[in-house]
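The file start-v2.txt contains compact mmCIF, C-alpha atoms:
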```
# COMPACT_ATOMS: atom_id res chain seq x y z
CA MET A 1 -54.60 191.39 65.06
CA THR A 2 -56.55 194.13 63.32
CA THR A 3 -55.41 197.51 62.22
CA ASP A 4 -57.46 200.63 62.62
CA SER A 5 -57.51 202.96 59.61
CA SER A 6 -57.77 205.95 61.93
CA ASP A 7 -54.29 205.49 63.38
CA HIS A 8 -53.12 208.98 64.37
CA SER A 9 -49.48 208.15 65.08
CA LYS A 10 -46.88 210.64 63.84
CA PRO A 11 -44.28 209.58 61.29
CA ALA A 12 -40.67 209.31 62.39
CA VAL A 13 -38.63 212.47 62.81
CA GLY A 14 -37.64 213.91 59.45
CA GLN A 15 -40.35 212.02 57.52
CA PRO A 16 -43.01 213.77 55.37
CA LEU A 17 -46.33 214.62 56.97
CA PRO A 18 -49.18 212.24 56.07
CA PRO A 19 -52.12 213.66 54.10
CA PRO A 20 -55.01 214.82 56.29
CA GLN A 21 -57.85 212.33 56.70
CA ALA A 22 -61.52 213.29 56.68
CA PRO A 23 -63.86 211.82 59.28
CA TYR A 24 -65.54 208.57 58.22
CA GLY A 25 -68.17 209.11 55.56
CA GLN A 26 -67.13 212.68 54.66
CA ALA A 27 -65.17 213.84 51.65
CA SER A 28 -61.95 215.68 52.30
CA HIS A 29 -61.66 219.16 50.78
CA VAL A 30 -58.33 219.87 52.49
CA ALA A 31 -55.28 219.81 50.25
CA ALA A 32 -52.38 217.59 51.31
CA PRO A 33 -49.30 219.43 52.62
CA PRO A 34 -46.34 219.75 50.27
CA GLN A 35 -43.92 216.79 50.38
CA ASN A 36 -41.03 218.97 51.56
CA MET A 37 -42.93 219.91 54.73
CA MET A 38 -41.54 217.70 57.48
CA TYR A 39 -41.68 217.39 61.20
CA PRO A 40 -38.77 219.25 62.79
CA SER A 41 -35.98 216.95 63.87
CA GLN A 42 -33.87 217.06 67.01
CA TRP A 43 -30.12 217.24 67.51
CA SER A 44 -28.61 213.75 67.74
CA SER A 45 -26.53 214.83 70.75
CA GLY A 46 -26.53 217.61 73.28
CA LEU A 47 -24.37 220.71 73.28
CA CYS A 48 -22.27 219.48 76.21
CA ASP A 49 -21.86 215.89 74.98
CA CYS A 50 -18.35 216.61 73.73
CA THR A 51 -16.82 213.69 75.59
CA SER A 52 -19.08 211.21 73.77
CA ASP A 53 -16.70 211.59 70.81
CA ILE A 54 -13.22 212.20 72.23
CA SER A 55 -11.48 212.42 68.84
CA THR A 56 -13.80 215.23 67.70
CA CYS A 57 -13.40 216.95 71.06
CA CYS A 58 -9.60 216.89 70.81
CA LEU A 59 -9.62 217.99 67.15
CA THR A 60 -11.90 220.91 67.97
CA TRP A 61 -9.93 221.95 71.05
CA TRP A 62 -6.53 221.96 69.31
CA CYS A 63 -7.51 222.73 65.68
CA PRO A 64 -10.96 224.37 65.53
CA CYS A 65 -10.17 225.60 62.02
CA VAL A 66 -10.08 221.98 60.78
CA THR A 67 -13.36 221.11 62.48
CA PHE A 68 -15.02 224.23 61.15
CA GLY A 69 -13.60 223.72 57.65
CA ARG A 70 -15.03 220.21 57.46
CA ILE A 71 -18.43 221.37 58.72
CA ALA A 72 -18.56 224.31 56.32
CA GLU A 73 -17.55 222.21 53.29
CA ILE A 74 -20.42 219.79 53.90
CA VAL A 75 -22.94 222.53 54.69
CA ASP A 76 -21.88 224.32 51.47
CA ARG A 77 -22.21 220.98 49.61
CA GLY A 78 -18.65 221.19 48.34
CA ALA A 79 -18.92 224.68 46.82
CA THR A 80 -15.85 225.71 48.82
CA SER A 81 -13.29 223.27 50.18
CA CYS A 82 -12.40 222.53 53.77
CA PRO A 83 -8.91 224.12 53.51
CA VAL A 84 -10.38 227.41 52.27
CA HIS A 85 -12.97 227.59 55.06
CA GLY A 86 -10.38 226.51 57.62
CA ALA A 87 -7.89 229.12 56.43
CA ILE A 88 -10.46 231.92 56.60
CA TYR A 89 -11.43 230.79 60.10
CA ALA A 90 -7.76 230.64 61.20
CA ILE A 91 -7.13 234.16 59.83
CA LEU A 92 -10.17 235.46 61.72
CA ILE A 93 -8.84 233.86 64.92
CA ALA A 94 -5.35 235.31 64.37
CA LEU A 95 -6.73 238.80 63.72
CA ALA A 96 -9.25 238.49 66.58
CA VAL A 97 -12.02 239.50 64.16
CA PHE A 98 -14.95 237.52 65.57
CA PRO A 99 -14.52 234.02 64.09
CA TRP A 100 -17.69 233.03 65.93
CA LEU A 101 -19.74 235.18 63.50
CA TYR A 102 -18.42 233.14 60.59
CA SER A 103 -19.13 229.81 62.27
CA CYS A 104 -22.53 231.01 63.46
CA MET A 105 -23.66 231.51 59.84
CA TYR A 106 -22.93 227.87 59.04
CA ARG A 107 -24.75 226.58 62.12
CA THR A 108 -27.81 228.54 60.99
CA ARG A 109 -27.57 227.07 57.48
CA MET A 110 -27.19 223.58 58.87
CA ARG A 111 -30.15 223.99 61.22
CA ARG A 112 -32.37 225.20 58.39
CA ARG A 113 -31.37 222.37 56.07
CA TYR A 114 -32.05 219.66 58.66
CA MET A 115 -34.88 221.49 60.46
CA LEU A 116 -33.03 221.51 63.79
CA PRO A 117 -34.17 223.70 66.67
CA ALA A 118 -32.18 226.71 67.86
CA GLU A 119 -31.35 225.23 71.24
CA PRO A 120 -30.45 226.17 73.92
CA CYS A 121 -30.27 229.73 72.55
CA HIS A 122 -29.72 231.73 69.37
CA ASP A 123 -26.87 230.52 67.13
CA CYS A 124 -24.74 233.67 67.55
CA LEU A 125 -24.94 233.55 71.34
CA LEU A 126 -24.12 229.88 71.30
CA HIS A 127 -21.03 230.37 69.14
CA TYR A 128 -19.93 233.44 71.09
CA PHE A 129 -20.04 231.75 74.51
CA CYS A 130 -19.52 228.07 73.60
CA GLU A 131 -17.65 228.01 70.27
CA GLN A 132 -15.89 224.65 70.73
CA CYS A 133 -19.00 222.92 72.13
CA ALA A 134 -21.12 224.22 69.24
CA LEU A 135 -18.58 223.07 66.65
CA CYS A 136 -18.36 219.63 68.28
CA GLN A 137 -22.15 219.30 68.29
CA GLU A 138 -22.40 220.26 64.60
CA TYR A 139 -19.59 217.85 63.70
CA ARG A 140 -21.26 215.00 65.60
CA GLU A 141 -24.60 215.81 63.96
CA LEU A 142 -23.17 215.58 60.46
CA LYS A 143 -21.41 212.31 61.36
CA HIS A 144 -24.70 210.99 62.73
CA ARG A 145 -26.39 211.88 59.42
CA GLY A 146 -23.92 209.67 57.52
CA PHE A 147 -21.24 212.10 56.39
CA TYR A 148 -17.61 211.00 56.42
CA MET A 149 -16.12 214.13 57.90
CA SER A 150 -12.47 213.38 57.13
CA ILE A 151 -13.29 212.76 53.44
CA GLY A 152 -15.44 215.85 53.04
CA TRP A 153 -18.36 216.57 50.75
CA HIS A 154 -17.11 214.72 47.68
CA GLY A 155 -16.86 211.45 49.60
CA SER A 156 -20.24 211.80 51.28
CA PRO A 157 -23.22 209.57 50.45
CA GLU A 158 -25.37 212.59 49.48
CA SER A 159 -22.71 213.76 47.03
CA GLN A 160 -22.49 210.31 45.46
CA GLN A 161 -26.28 210.21 45.02
CA GLN A 162 -26.18 213.54 43.18
CA LEU A 163 -23.39 212.26 40.92
CA ALA A 164 -25.39 209.11 40.12
CA VAL A 165 -28.41 211.21 39.12
CA MET A 166 -26.30 213.50 36.94
CA ALA A 167 -24.26 210.70 35.28
CA PRO A 168 -24.80 210.32 31.51
CA PRO A 169 -26.41 207.09 30.32
CA PHE A 170 -24.12 204.18 29.54
CA ALA A 171 -24.12 202.92 25.94
CA PRO A 172 -23.03 199.32 25.29
CA ALA A 173 -20.09 198.89 22.91
CA GLU A 174 -22.18 197.30 20.14
CA MET A 175 -24.38 200.41 19.88
CA LYS A 176 -21.52 202.76 19.00
CA ARG A 177 -20.95 203.86 15.38
```

Mind converting the file's structure to structure tokens?
Amino acid sequence: MTTDSSDHSKPAVGQPLPPPQAPYGQASHVAAPPQNMMYPSQWSSGLCDCTSDISTCCLTWWCPCVTFGRIAEIVDRGATSCPVHGAIYAILIALAVFPWLYSCMYRTRMRRRYMLPAEPCHDCLLHYFCEQCALCQEYRELKHRGFYMSIGWHGSPESQQQLAVMAPPFAPAEMKR
């Protein structure tokens, strides 16, 4: 089995773009794209797939402030905790002051971070007309990406990787003075 060096297959969703290749026998004068430039990814589940995860569906139906708080904490990378986001969301619901605007902002942030499309419509319209479905979809997406939603940001794999990078070096006991 031979491999052809001119394989034009695309990398998997979310993977960096390959450098451009010049035709055979010609030098390439085109610069490679930056490493952070990736193919856009797709949502792991549809907007109306709420019943694929019944526990998330029930949590969002009865306590949307908890669902939103967990989403917002992870999207904010732990800058603000789940209880704070959830409380703000609950106050906005109680005062009837457009809680969907608050949740819409976090959907937009999440989409930009993971390069997700604005489907089936703009984020604000989606949260205005289908608030619970949008929250369920965002929650499922973060779970699909490996986040432990009930633990929050500080228990997530991405958070642990950042802590490992920032940890000071370990000095063996015999090297201390």

*Cut-off 12 Å around (-18.9, 218.0, 67.6) with only C-alpha atoms: residues as a PyMOL selection string*: chain A and resi 43-61+64+66-68+70-71+107+130-144+149

*Tell me which of A:Leu95, A:Met110, A:Cys104, A:Cys63 sits closest to Asp123 in chain A, counting all atoms listed in the file.*
A:Cys104

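You will find CA of Asp76 in chain A at 8.4 Å from CA of Tyr106 in chain A.
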
*One-decimal distance in Å that lies between CA of Ala72 in chain A and CA of Leu116 in chain A*: 16.5 Å

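Proximity of A:Ser81, A:Glu73, A:Glu119, A:Cys65 to Ala94 in chain A, computed with only C-alpha atoms, is greatest for A:Cys65.
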
*How far is it from CA of Trp100 in chain A to CA of Gly152 in chain A, in Å with one decimal?*
21.6 Å

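Compared by their closest atoms to Leu101 in chain A, and using all atoms listed in the file, the residues A:Gly78, A:Cys124, A:Gly69, A:Pro117 rank with A:Cys124 nearest.
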
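With distances restricted to only C-alpha atoms, A:His127 is the closest residue to Tyr102 in chain A from A:Thr80, A:His127, A:Met115, A:Phe147.
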
Select range 56-77 of chain A in the preceding structure and write N, CA and C atoms to a file as an mmCIF file, in the first residue's frame.
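What landed in decode_34.cif:
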```cif
data_model
loop_
_atom_site.group_PDB
_atom_site.id
_atom_site.type_symbol
_atom_site.label_atom_id
_atom_site.label_comp_id
_atom_site.auth_asym_id
_atom_site.auth_seq_id
_atom_site.Cartn_x
_atom_site.Cartn_y
_atom_site.Cartn_z
ATOM 1 N N THR A 56 -29.985 16.499 32.497
ATOM 2 C CA THR A 56 -29.745 17.915 32.160
ATOM 3 C C THR A 56 -31.052 18.605 31.806
ATOM 4 N N CYS A 57 -31.906 17.906 31.094
ATOM 5 C CA CYS A 57 -33.208 18.457 30.709
ATOM 6 C C CYS A 57 -34.035 18.802 31.950
ATOM 7 N N CYS A 58 -34.083 17.883 32.897
ATOM 8 C CA CYS A 58 -34.858 18.128 34.126
ATOM 9 C C CYS A 58 -34.239 19.252 34.959
ATOM 10 N N LEU A 59 -32.912 19.245 35.083
ATOM 11 C CA LEU A 59 -32.230 20.301 35.833
ATOM 12 C C LEU A 59 -32.528 21.671 35.220
ATOM 13 N N THR A 60 -32.466 21.748 33.901
ATOM 14 C CA THR A 60 -32.694 23.026 33.229
ATOM 15 C C THR A 60 -34.153 23.454 33.314
ATOM 16 N N TRP A 61 -35.069 22.519 33.256
ATOM 17 C CA TRP A 61 -36.491 22.864 33.328
ATOM 18 C C TRP A 61 -36.855 23.390 34.718
ATOM 19 N N TRP A 62 -36.373 22.726 35.776
ATOM 20 C CA TRP A 62 -36.752 23.095 37.130
ATOM 21 C C TRP A 62 -35.831 24.124 37.773
ATOM 22 N N CYS A 63 -34.548 24.112 37.419
ATOM 23 C CA CYS A 63 -33.572 25.050 38.011
ATOM 24 C C CYS A 63 -32.634 25.619 36.942
ATOM 25 N N PRO A 64 -33.143 26.440 36.042
ATOM 26 C CA PRO A 64 -32.272 26.963 34.976
ATOM 27 C C PRO A 64 -31.113 27.790 35.523
ATOM 28 N N CYS A 65 -31.286 28.355 36.719
ATOM 29 C CA CYS A 65 -30.198 29.156 37.300
ATOM 30 C C CYS A 65 -28.988 28.279 37.630
ATOM 31 N N VAL A 66 -29.202 27.019 38.003
ATOM 32 C CA VAL A 66 -28.091 26.112 38.273
ATOM 33 C C VAL A 66 -27.383 25.743 36.966
ATOM 34 N N THR A 67 -28.163 25.393 35.962
ATOM 35 C CA THR A 67 -27.586 25.062 34.661
ATOM 36 C C THR A 67 -26.784 26.230 34.129
ATOM 37 N N PHE A 68 -27.383 27.416 34.145
ATOM 38 C CA PHE A 68 -26.676 28.585 33.638
ATOM 39 C C PHE A 68 -25.431 28.888 34.468
ATOM 40 N N GLY A 69 -25.522 28.790 35.778
ATOM 41 C CA GLY A 69 -24.370 29.060 36.641
ATOM 42 C C GLY A 69 -23.194 28.154 36.327
ATOM 43 N N ARG A 70 -23.473 26.885 36.089
ATOM 44 C CA ARG A 70 -22.407 25.935 35.766
ATOM 45 C C ARG A 70 -21.777 26.260 34.410
ATOM 46 N N ILE A 71 -22.619 26.585 33.441
ATOM 47 C CA ILE A 71 -22.118 26.950 32.113
ATOM 48 C C ILE A 71 -21.241 28.192 32.216
ATOM 49 N N ALA A 72 -21.750 29.217 32.874
ATOM 50 C CA ALA A 72 -21.037 30.497 32.961
ATOM 51 C C ALA A 72 -19.713 30.356 33.703
ATOM 52 N N GLU A 73 -19.669 29.539 34.753
ATOM 53 C CA GLU A 73 -18.414 29.358 35.493
ATOM 54 C C GLU A 73 -17.340 28.760 34.592
ATOM 55 N N ILE A 74 -17.708 27.785 33.779
ATOM 56 C CA ILE A 74 -16.732 27.149 32.900
ATOM 57 C C ILE A 74 -16.351 28.078 31.755
ATOM 58 N N VAL A 75 -17.319 28.790 31.195
ATOM 59 C CA VAL A 75 -17.001 29.726 30.116
ATOM 60 C C VAL A 75 -16.097 30.847 30.625
ATOM 61 N N ASP A 76 -16.316 31.289 31.870
ATOM 62 C CA ASP A 76 -15.474 32.323 32.489
ATOM 63 C C ASP A 76 -14.153 31.765 33.016
ATOM 64 N N ARG A 77 -13.959 30.456 32.894
ATOM 65 C CA ARG A 77 -12.751 29.779 33.377
ATOM 66 C C ARG A 77 -12.528 30.010 34.871
#
```
